[in-house]
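Printed here is data_14.pdb (PDB, C-alpha atoms):
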ATOM      1  CA  MET A   1       6.813  -7.835  13.132  1.00  0.00           C
ATOM      2  CA  GLN A   2       9.118  -7.146  10.181  1.00  0.00           C
ATOM      3  CA  GLY A   3       7.821  -5.419   7.058  1.00  0.00           C
ATOM      4  CA  ASN A   4       8.183  -8.539   4.937  1.00  0.00           C
ATOM      5  CA  GLU A   5       6.062 -10.427   7.475  1.00  0.00           C
ATOM      6  CA  GLN A   6       3.446  -7.670   7.362  1.00  0.00           C
ATOM      7  CA  LEU A   7       3.467  -7.739   3.566  1.00  0.00           C
ATOM      8  CA  ALA A   8       3.091 -11.536   3.600  1.00  0.00           C
ATOM      9  CA  ILE A   9      -0.328 -10.893   5.171  1.00  0.00           C
ATOM     10  CA  ILE A  10      -1.285  -7.630   3.438  1.00  0.00           C
ATOM     11  CA  ILE A  11      -0.399  -8.505  -0.165  1.00  0.00           C
ATOM     12  CA  PRO A  12      -2.560 -11.669  -0.393  1.00  0.00           C
ATOM     13  CA  LYS A  13      -5.463  -9.608   0.996  1.00  0.00           C
ATOM     14  CA  LEU A  14      -4.763  -6.902  -1.612  1.00  0.00           C
ATOM     15  CA  ARG A  15      -4.800  -9.532  -4.334  1.00  0.00           C
ATOM     16  CA  GLU A  16      -8.176 -10.809  -3.068  1.00  0.00           C
ATOM     17  CA  ILE A  17      -9.609  -7.271  -3.111  1.00  0.00           C
ATOM     18  CA  GLY A  18      -8.231  -6.681  -6.623  1.00  0.00           C
ATOM     19  CA  ALA A  19      -9.693  -9.938  -7.923  1.00  0.00           C
ATOM     20  CA  ARG A  20     -13.177  -8.923  -6.794  1.00  0.00           C
ATOM     21  CA  ILE A  21     -13.147  -5.442  -8.367  1.00  0.00           C
ATOM     22  CA  GLN A  22     -15.610  -5.223 -11.234  1.00  0.00           C
ATOM     23  CA  PRO A  23     -14.785  -3.225 -14.385  1.00  0.00           C
ATOM     24  CA  SER A  24     -17.833  -1.058 -13.654  1.00  0.00           C
ATOM     25  CA  GLN A  25     -16.173   0.034 -10.375  1.00  0.00           C
ATOM     26  CA  LEU A  26     -12.948   1.359 -11.900  1.00  0.00           C
ATOM     27  CA  ASP A  27     -14.178   4.947 -12.252  1.00  0.00           C
ATOM     28  CA  GLN A  28     -15.515   5.158  -8.693  1.00  0.00           C
ATOM     29  CA  PRO A  29     -13.886   7.692  -6.351  1.00  0.00           C
ATOM     30  CA  THR A  30     -11.810   6.504  -3.387  1.00  0.00           C
ATOM     31  CA  PRO A  31     -10.945   7.985   0.005  1.00  0.00           C
ATOM     32  CA  CYS A  32      -7.520   8.711  -1.522  1.00  0.00           C
ATOM     33  CA  LYS A  33      -8.706  12.032  -2.890  1.00  0.00           C
ATOM     34  CA  ASN A  34      -6.591  12.131  -6.049  1.00  0.00           C
ATOM     35  CA  PHE A  35      -7.472   8.646  -7.265  1.00  0.00           C
ATOM     36  CA  THR A  36     -10.361   6.631  -8.615  1.00  0.00           C
ATOM     37  CA  VAL A  37     -10.340   2.865  -8.071  1.00  0.00           C
ATOM     38  CA  ALA A  38      -8.421   2.496 -11.361  1.00  0.00           C
ATOM     39  CA  GLY A  39      -6.055   5.221 -10.197  1.00  0.00           C
ATOM     40  CA  VAL A  40      -5.259   3.408  -6.943  1.00  0.00           C
ATOM     41  CA  LEU A  41      -4.732   0.149  -8.837  1.00  0.00           C
ATOM     42  CA  GLY A  42      -2.435   1.879 -11.336  1.00  0.00           C
ATOM     43  CA  HIS A  43      -0.548   3.726  -8.601  1.00  0.00           C
ATOM     44  CA  MET A  44       0.041   0.565  -6.612  1.00  0.00           C
ATOM     45  CA  THR A  45       0.958  -1.423  -9.735  1.00  0.00           C
ATOM     46  CA  GLY A  46       3.524   1.179 -10.739  1.00  0.00           C
ATOM     47  CA  LEU A  47       5.047   1.405  -7.267  1.00  0.00           C
ATOM     48  CA  ALA A  48       5.186  -2.376  -6.802  1.00  0.00           C
ATOM     49  CA  SER A  49       6.789  -2.797 -10.236  1.00  0.00           C
ATOM     50  CA  GLY A  50       9.461  -0.271  -9.293  1.00  0.00           C
ATOM     51  CA  PHE A  51       9.973  -1.434  -5.719  1.00  0.00           C
ATOM     52  CA  ALA A  52      10.340  -5.155  -6.454  1.00  0.00           C
ATOM     53  CA  PRO A  53      13.692  -4.753  -8.256  1.00  0.00           C
ATOM     54  CA  MET A  54      14.929  -2.474  -5.463  1.00  0.00           C
ATOM     55  CA  PHE A  55      14.286  -5.176  -2.859  1.00  0.00           C
ATOM     56  CA  ARG A  56      16.214  -7.653  -5.036  1.00  0.00           C
ATOM     57  CA  GLY A  57      19.151  -5.236  -5.318  1.00  0.00           C
ATOM     58  CA  GLU A  58      18.473  -4.477  -8.983  1.00  0.00           C
ATOM     59  CA  GLU A  59      17.873  -1.207 -10.780  1.00  0.00           C
ATOM     60  CA  PRO A  60      14.198  -0.324 -11.188  1.00  0.00           C
ATOM     61  CA  PRO A  61      12.967  -0.218 -14.773  1.00  0.00           C
ATOM     62  CA  SER A  62      13.294   3.097 -16.554  1.00  0.00           C
ATOM     63  CA  GLY A  63      10.553   4.612 -18.657  1.00  0.00           C
ATOM     64  CA  ASN A  64       7.054   3.335 -19.107  1.00  0.00           C
ATOM     65  CA  PRO A  65       6.443  -0.404 -19.403  1.00  0.00           C
ATOM     66  CA  GLU A  66       5.267  -1.798 -22.696  1.00  0.00           C
ATOM     67  CA  PRO A  67       1.466  -1.869 -22.896  1.00  0.00           C
ATOM     68  CA  ASP A  68      -0.098  -5.284 -22.728  1.00  0.00           C
ATOM     69  CA  ASP A  69      -3.533  -6.784 -23.111  1.00  0.00           C
ATOM     70  CA  ASN A  70      -3.925  -7.558 -19.410  1.00  0.00           C
ATOM     71  CA  THR A  71      -6.618  -5.807 -17.471  1.00  0.00           C
ATOM     72  CA  GLU A  72      -5.755  -3.312 -14.766  1.00  0.00           C
ATOM     73  CA  MET A  73      -6.681  -5.929 -12.153  1.00  0.00           C
ATOM     74  CA  ALA A  74      -4.431  -8.568 -13.778  1.00  0.00           C
ATOM     75  CA  ARG A  75      -1.471  -6.156 -13.909  1.00  0.00           C
ATOM     76  CA  PHE A  76      -2.129  -5.270 -10.258  1.00  0.00           C
ATOM     77  CA  ASP A  77      -2.224  -8.931  -9.241  1.00  0.00           C
ATOM     78  CA  SER A  78       1.014  -9.711 -11.076  1.00  0.00           C
ATOM     79  CA  ALA A  79       2.802  -6.672  -9.593  1.00  0.00           C
ATOM     80  CA  MET A  80       1.685  -7.600  -6.076  1.00  0.00           C
ATOM     81  CA  GLU A  81       2.920 -11.171  -6.545  1.00  0.00           C
ATOM     82  CA  GLU A  82       6.281  -9.892  -7.804  1.00  0.00           C
ATOM     83  CA  LEU A  83       6.604  -7.442  -4.907  1.00  0.00           C
ATOM     84  CA  LEU A  84       5.904 -10.135  -2.327  1.00  0.00           C
ATOM     85  CA  ASP A  85       8.469 -12.442  -3.925  1.00  0.00           C
ATOM     86  CA  ALA A  86      11.039  -9.629  -3.965  1.00  0.00           C
ATOM     87  CA  VAL A  87      10.536  -8.528  -0.347  1.00  0.00           C
ATOM     88  CA  GLN A  88      10.938 -12.172   0.702  1.00  0.00           C
ATOM     89  CA  SER A  89      14.142 -12.610  -1.338  1.00  0.00           C
ATOM     90  CA  PRO A  90      17.484 -13.155   0.392  1.00  0.00           C
ATOM     91  CA  GLY A  91      18.995  -9.876   1.605  1.00  0.00           C
ATOM     92  CA  ALA A  92      15.913  -7.767   0.828  1.00  0.00           C
ATOM     93  CA  LEU A  93      15.670  -6.353   4.338  1.00  0.00           C
ATOM     94  CA  ASP A  94      19.431  -6.036   4.800  1.00  0.00           C
ATOM     95  CA  ARG A  95      20.334  -4.007   1.733  1.00  0.00           C
ATOM     96  CA  THR A  96      20.270  -0.234   1.553  1.00  0.00           C
ATOM     97  CA  ILE A  97      17.662   0.905  -0.940  1.00  0.00           C
ATOM     98  CA  GLN A  98      17.509   4.207  -2.790  1.00  0.00           C
ATOM     99  CA  THR A  99      13.801   4.970  -2.400  1.00  0.00           C
ATOM    100  CA  PRO A 100      11.692   7.914  -3.571  1.00  0.00           C
ATOM    101  CA  GLY A 101      12.044   9.215  -0.001  1.00  0.00           C
ATOM    102  CA  GLY A 102      15.824   8.813   0.059  1.00  0.00           C
ATOM    103  CA  GLU A 103      18.241   6.066   0.985  1.00  0.00           C
ATOM    104  CA  MET A 104      17.059   3.697   3.730  1.00  0.00           C
ATOM    105  CA  PRO A 105      17.448   0.139   4.975  1.00  0.00           C
ATOM    106  CA  GLY A 106      15.257  -2.419   3.228  1.00  0.00           C
ATOM    107  CA  ALA A 107      13.700  -3.327   6.592  1.00  0.00           C
ATOM    108  CA  VAL A 108      12.446   0.237   7.056  1.00  0.00           C
ATOM    109  CA  PHE A 109      11.316   0.566   3.450  1.00  0.00           C
ATOM    110  CA  ALA A 110       9.354  -2.690   3.704  1.00  0.00           C
ATOM    111  CA  ARG A 111       7.442  -1.257   6.661  1.00  0.00           C
ATOM    112  CA  LEU A 112       6.630   1.904   4.692  1.00  0.00           C
ATOM    113  CA  VAL A 113       5.419  -0.252   1.794  1.00  0.00           C
ATOM    114  CA  ALA A 114       3.270  -2.242   4.257  1.00  0.00           C
ATOM    115  CA  PHE A 115       1.742   1.007   5.570  1.00  0.00           C
ATOM    116  CA  ASP A 116       1.018   2.182   2.025  1.00  0.00           C
ATOM    117  CA  GLY A 117      -0.473  -1.178   1.058  1.00  0.00           C
ATOM    118  CA  LEU A 118      -2.636  -1.377   4.144  1.00  0.00           C
ATOM    119  CA  VAL A 119      -4.109   2.101   3.641  1.00  0.00           C
ATOM    120  CA  HIS A 120      -4.574   1.741  -0.130  1.00  0.00           C
ATOM    121  CA  GLY A 121      -6.168  -1.655   0.466  1.00  0.00           C
ATOM    122  CA  TRP A 122      -8.655   0.080   2.735  1.00  0.00           C
ATOM    123  CA  ASP A 123      -9.223   2.680  -0.033  1.00  0.00           C
ATOM    124  CA  LEU A 124     -10.026  -0.054  -2.556  1.00  0.00           C
ATOM    125  CA  ALA A 125     -12.197  -2.091  -0.205  1.00  0.00           C
ATOM    126  CA  THR A 126     -14.144   0.951   0.968  1.00  0.00           C
ATOM    127  CA  SER A 127     -14.737   2.157  -2.590  1.00  0.00           C
ATOM    128  CA  THR A 128     -15.878  -1.206  -3.921  1.00  0.00           C
ATOM    129  CA  GLY A 129     -18.032  -2.330  -0.985  1.00  0.00           C
ATOM    130  CA  GLN A 130     -15.643  -5.015   0.205  1.00  0.00           C
ATOM    131  CA  ARG A 131     -14.489  -5.909   3.694  1.00  0.00           C
ATOM    132  CA  TRP A 132     -10.879  -5.085   4.607  1.00  0.00           C
ATOM    133  CA  ASP A 133     -10.372  -7.423   7.528  1.00  0.00           C
ATOM    134  CA  LEU A 134      -6.904  -7.464   8.958  1.00  0.00           C
ATOM    135  CA  ASP A 135      -5.857  -8.556  12.406  1.00  0.00           C
ATOM    136  CA  ASP A 136      -5.953  -5.636  14.864  1.00  0.00           C
ATOM    137  CA  ASP A 137      -2.441  -6.511  16.100  1.00  0.00           C
ATOM    138  CA  LEU A 138      -1.066  -6.166  12.563  1.00  0.00           C
ATOM    139  CA  VAL A 139      -2.855  -2.856  12.091  1.00  0.00           C
ATOM    140  CA  ALA A 140      -1.566  -1.633  15.474  1.00  0.00           C
ATOM    141  CA  ASP A 141       1.992  -2.579  14.523  1.00  0.00           C
ATOM    142  CA  VAL A 142       1.750  -0.744  11.183  1.00  0.00           C
ATOM    143  CA  ASP A 143       0.067   2.199  12.917  1.00  0.00           C
ATOM    144  CA  GLY A 144       2.800   2.471  15.556  1.00  0.00           C
ATOM    145  CA  PHE A 145       5.488   2.531  12.876  1.00  0.00           C
ATOM    146  CA  ALA A 146       3.595   5.031  10.699  1.00  0.00           C
ATOM    147  CA  ARG A 147       3.146   7.481  13.551  1.00  0.00           C
ATOM    148  CA  GLN A 148       6.921   7.515  14.035  1.00  0.00           C
ATOM    149  CA  ALA A 149       7.825   7.557  10.332  1.00  0.00           C
ATOM    150  CA  ILE A 150       5.367  10.086   8.875  1.00  0.00           C
ATOM    151  CA  THR A 151       6.560  13.584   9.673  1.00  0.00           C
ATOM    152  CA  SER A 152       4.715  16.874   9.265  1.00  0.00           C
ATOM    153  CA  GLU A 153       7.058  17.709   6.359  1.00  0.00           C
ATOM    154  CA  MET A 154       5.715  14.673   4.488  1.00  0.00           C
ATOM    155  CA  ARG A 155       2.146  15.967   4.732  1.00  0.00           C
ATOM    156  CA  ASP A 156       2.174  17.915   1.499  1.00  0.00           C
ATOM    157  CA  GLY A 157      -1.423  17.110   0.592  1.00  0.00           C
ATOM    158  CA  ASP A 158      -0.205  14.789  -2.137  1.00  0.00           C
ATOM    159  CA  ALA A 159       1.651  11.886  -0.535  1.00  0.00           C
ATOM    160  CA  PHE A 160      -0.038  12.459   2.819  1.00  0.00           C
ATOM    161  CA  ALA A 161      -2.753  14.908   3.717  1.00  0.00           C
ATOM    162  CA  THR A 162      -3.350  16.468   7.096  1.00  0.00           C
ATOM    163  CA  GLU A 163      -4.309  13.937   9.746  1.00  0.00           C
ATOM    164  CA  GLN A 164      -8.084  13.698  10.110  1.00  0.00           C
ATOM    165  CA  GLN A 165     -10.051  13.063  13.269  1.00  0.00           C
ATOM    166  CA  PRO A 166     -11.662   9.614  13.199  1.00  0.00           C
ATOM    167  CA  THR A 167     -15.065   8.984  14.695  1.00  0.00           C
ATOM    168  CA  ASP A 168     -15.234   7.636  18.233  1.00  0.00           C
ATOM    169  CA  ASN A 169     -16.337   4.222  16.967  1.00  0.00           C
ATOM    170  CA  ALA A 170     -13.698   3.974  14.204  1.00  0.00           C
ATOM    171  CA  THR A 171     -11.980   0.640  13.737  1.00  0.00           C
ATOM    172  CA  PRO A 172      -8.180   0.434  14.067  1.00  0.00           C
ATOM    173  CA  VAL A 173      -7.746   0.473  10.278  1.00  0.00           C
ATOM    174  CA  GLN A 174     -10.064   3.497   9.986  1.00  0.00           C
ATOM    175  CA  ARG A 175      -7.969   5.291  12.617  1.00  0.00           C
ATOM    176  CA  LEU A 176      -4.841   4.555  10.581  1.00  0.00           C
ATOM    177  CA  ALA A 177      -6.562   5.763   7.418  1.00  0.00           C
ATOM    178  CA  ALA A 178      -7.539   8.979   9.217  1.00  0.00           C
ATOM    179  CA  PHE A 179      -3.936   9.395  10.358  1.00  0.00           C
ATOM    180  CA  SER A 180      -2.865   9.158   6.705  1.00  0.00           C
ATOM    181  CA  GLY A 181      -5.238  11.998   5.830  1.00  0.00           C
ATOM    182  CA  ARG A 182      -8.361  10.142   4.723  1.00  0.00           C
ATOM    183  CA  THR A 183     -11.768  11.365   5.802  1.00  0.00           C
ATOM    184  CA  ILE A 184     -13.630   8.555   7.524  1.00  0.00           C
TER     185      ILE A 184
END

If you convert what's in this file into structure tokens, what do you get?
Amino acid sequence: MQGNEQLAIIIPKLREIGARIQPSQLDQPTPCKNFTVAGVLGHMTGLASGFAPMFRGEEPPSGNPEPDDNTEMARFDSAMEELLDAVQSPGALDRTIQTPGGEMPGAVFARLVAFDGLVHGWDLATSTGQRWDLDDDLVADVDGFARQAITSEMRDGDAFATEQQPTDNATPVQRLAAFSGRTI
């Protein structure tokens, strides 16, 4: 399954999770140790806003965006919609993209974005008491890619922490989260 196909499933689920987050939950901690719920939303909003132009072959915006009156959840929803549109745009998977991790094909970058979205979606769902139900085949496909793409050099404790040992009864998405460094 291509990254844009994975994101066509993951992003609508992320938008559902975001829509159900209550303002009172924004300060709650998440399994992503450096972020609260608001922090994960802001992180994902910022990345999606920068990545969308890259997938369209445009320069990402420079500097900080102008503040607006939208809530964190509304900005998140809009950024996710824009990212999905961009990754589905003509040529998105074929172009070479200058990413934070270096230059790579759009097809590879889309799979990394799918991995990030899947794990951060689990962070948000776990922290806000929501279900993060994705098809096990999709999770297995993302997991297989991640285990090839994430190297020990990338495990700096910031982007990725040391792989954790999941419990014996962990679900496929929990196993992937543990691989990314989350404690289950």

How would you write as an MDAnalysis selection string the residues that get within 10 Å of (-1.8, 10.0, -7.9) in the file's frame, counting only C-alpha atoms? chainID A and resid 32:36 39:40 42:44 158:159

Find, counting only C-alpha atoms, the residue in A:Ile21, A:Ala149, A:Ala178, A:Val113 that gets nearest to A:Leu84. A:Val113

Students should find that atom CA of A:Gly91 and atom CA of A:Gly117 are spaced 21.3 Å

Centre, x/y/z edge lengths, axis-aligned box for stretch 19-36 of chain A with 8 Å per side, as JSON:
{"center_x": -12.2, "center_y": 1.1, "center_z": -7.2, "size_x": 27.2, "size_y": 38.1, "size_z": 30.4}

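Atom pair atom CA of A:Ala19 / atom CA of A:Phe76 has a distance of 9.2 Å (rounded to one decimal).
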
Working from the structure I just supplied, which lacks atoms in stretch 148-165 of chain A, can you model N, CA and C atoms there and output them as a tab-separated table (two decimals), in the frame of the given file?
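Below is the file that was written, result28.tsv:
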chain	number	residue	atom	x	y	z
A	148	GLN	N	5.54	7.09	13.84
A	148	GLN	CA	6.92	7.52	14.04
A	148	GLN	C	7.56	7.96	12.72
A	149	ALA	N	7.17	7.33	11.61
A	149	ALA	CA	7.82	7.56	10.33
A	149	ALA	C	7.28	8.76	9.56
A	150	ILE	N	5.99	9.02	9.66
A	150	ILE	CA	5.37	10.09	8.88
A	150	ILE	C	5.52	11.40	9.62
A	151	THR	N	6.29	12.28	9.05
A	151	THR	CA	6.56	13.58	9.67
A	151	THR	C	5.64	14.65	9.08
A	152	SER	N	5.56	15.77	9.76
A	152	SER	CA	4.72	16.87	9.26
A	152	SER	C	5.21	17.36	7.90
A	153	GLU	N	6.51	17.28	7.65
A	153	GLU	CA	7.06	17.71	6.36
A	153	GLU	C	6.56	16.83	5.21
A	154	MET	N	6.20	15.60	5.51
A	154	MET	CA	5.72	14.67	4.49
A	154	MET	C	4.25	14.93	4.15
A	155	ARG	N	3.58	15.70	4.94
A	155	ARG	CA	2.15	15.97	4.73
A	155	ARG	C	1.98	17.16	3.79
A	156	ASP	N	2.23	16.89	2.53
A	156	ASP	CA	2.17	17.92	1.50
A	156	ASP	C	0.82	17.98	0.80
A	157	GLY	N	-0.12	17.16	1.23
A	157	GLY	CA	-1.42	17.11	0.59
A	157	GLY	C	-1.45	16.17	-0.59
A	158	ASP	N	-0.28	15.72	-1.01
A	158	ASP	CA	-0.20	14.79	-2.14
A	158	ASP	C	0.10	13.39	-1.62
A	159	ALA	N	1.31	13.20	-1.10
A	159	ALA	CA	1.65	11.89	-0.54
A	159	ALA	C	0.82	11.61	0.71
A	160	PHE	N	0.77	12.56	1.60
A	160	PHE	CA	-0.04	12.46	2.82
A	160	PHE	C	-0.73	13.78	3.05
A	161	ALA	N	-1.99	13.71	3.39
A	161	ALA	CA	-2.75	14.91	3.72
A	161	ALA	C	-2.68	15.12	5.23
A	162	THR	N	-3.29	16.17	5.67
A	162	THR	CA	-3.35	16.47	7.10
A	162	THR	C	-4.13	15.37	7.81
A	163	GLU	N	-3.63	14.96	8.96
A	163	GLU	CA	-4.31	13.94	9.75
A	163	GLU	C	-5.74	14.37	10.03
A	164	GLN	N	-6.67	13.45	9.86
A	164	GLN	CA	-8.08	13.70	10.11
A	164	GLN	C	-8.48	13.08	11.44
A	165	GLN	N	-9.54	13.59	12.00
A	165	GLN	CA	-10.05	13.06	13.27
A	165	GLN	C	-11.03	11.93	12.98
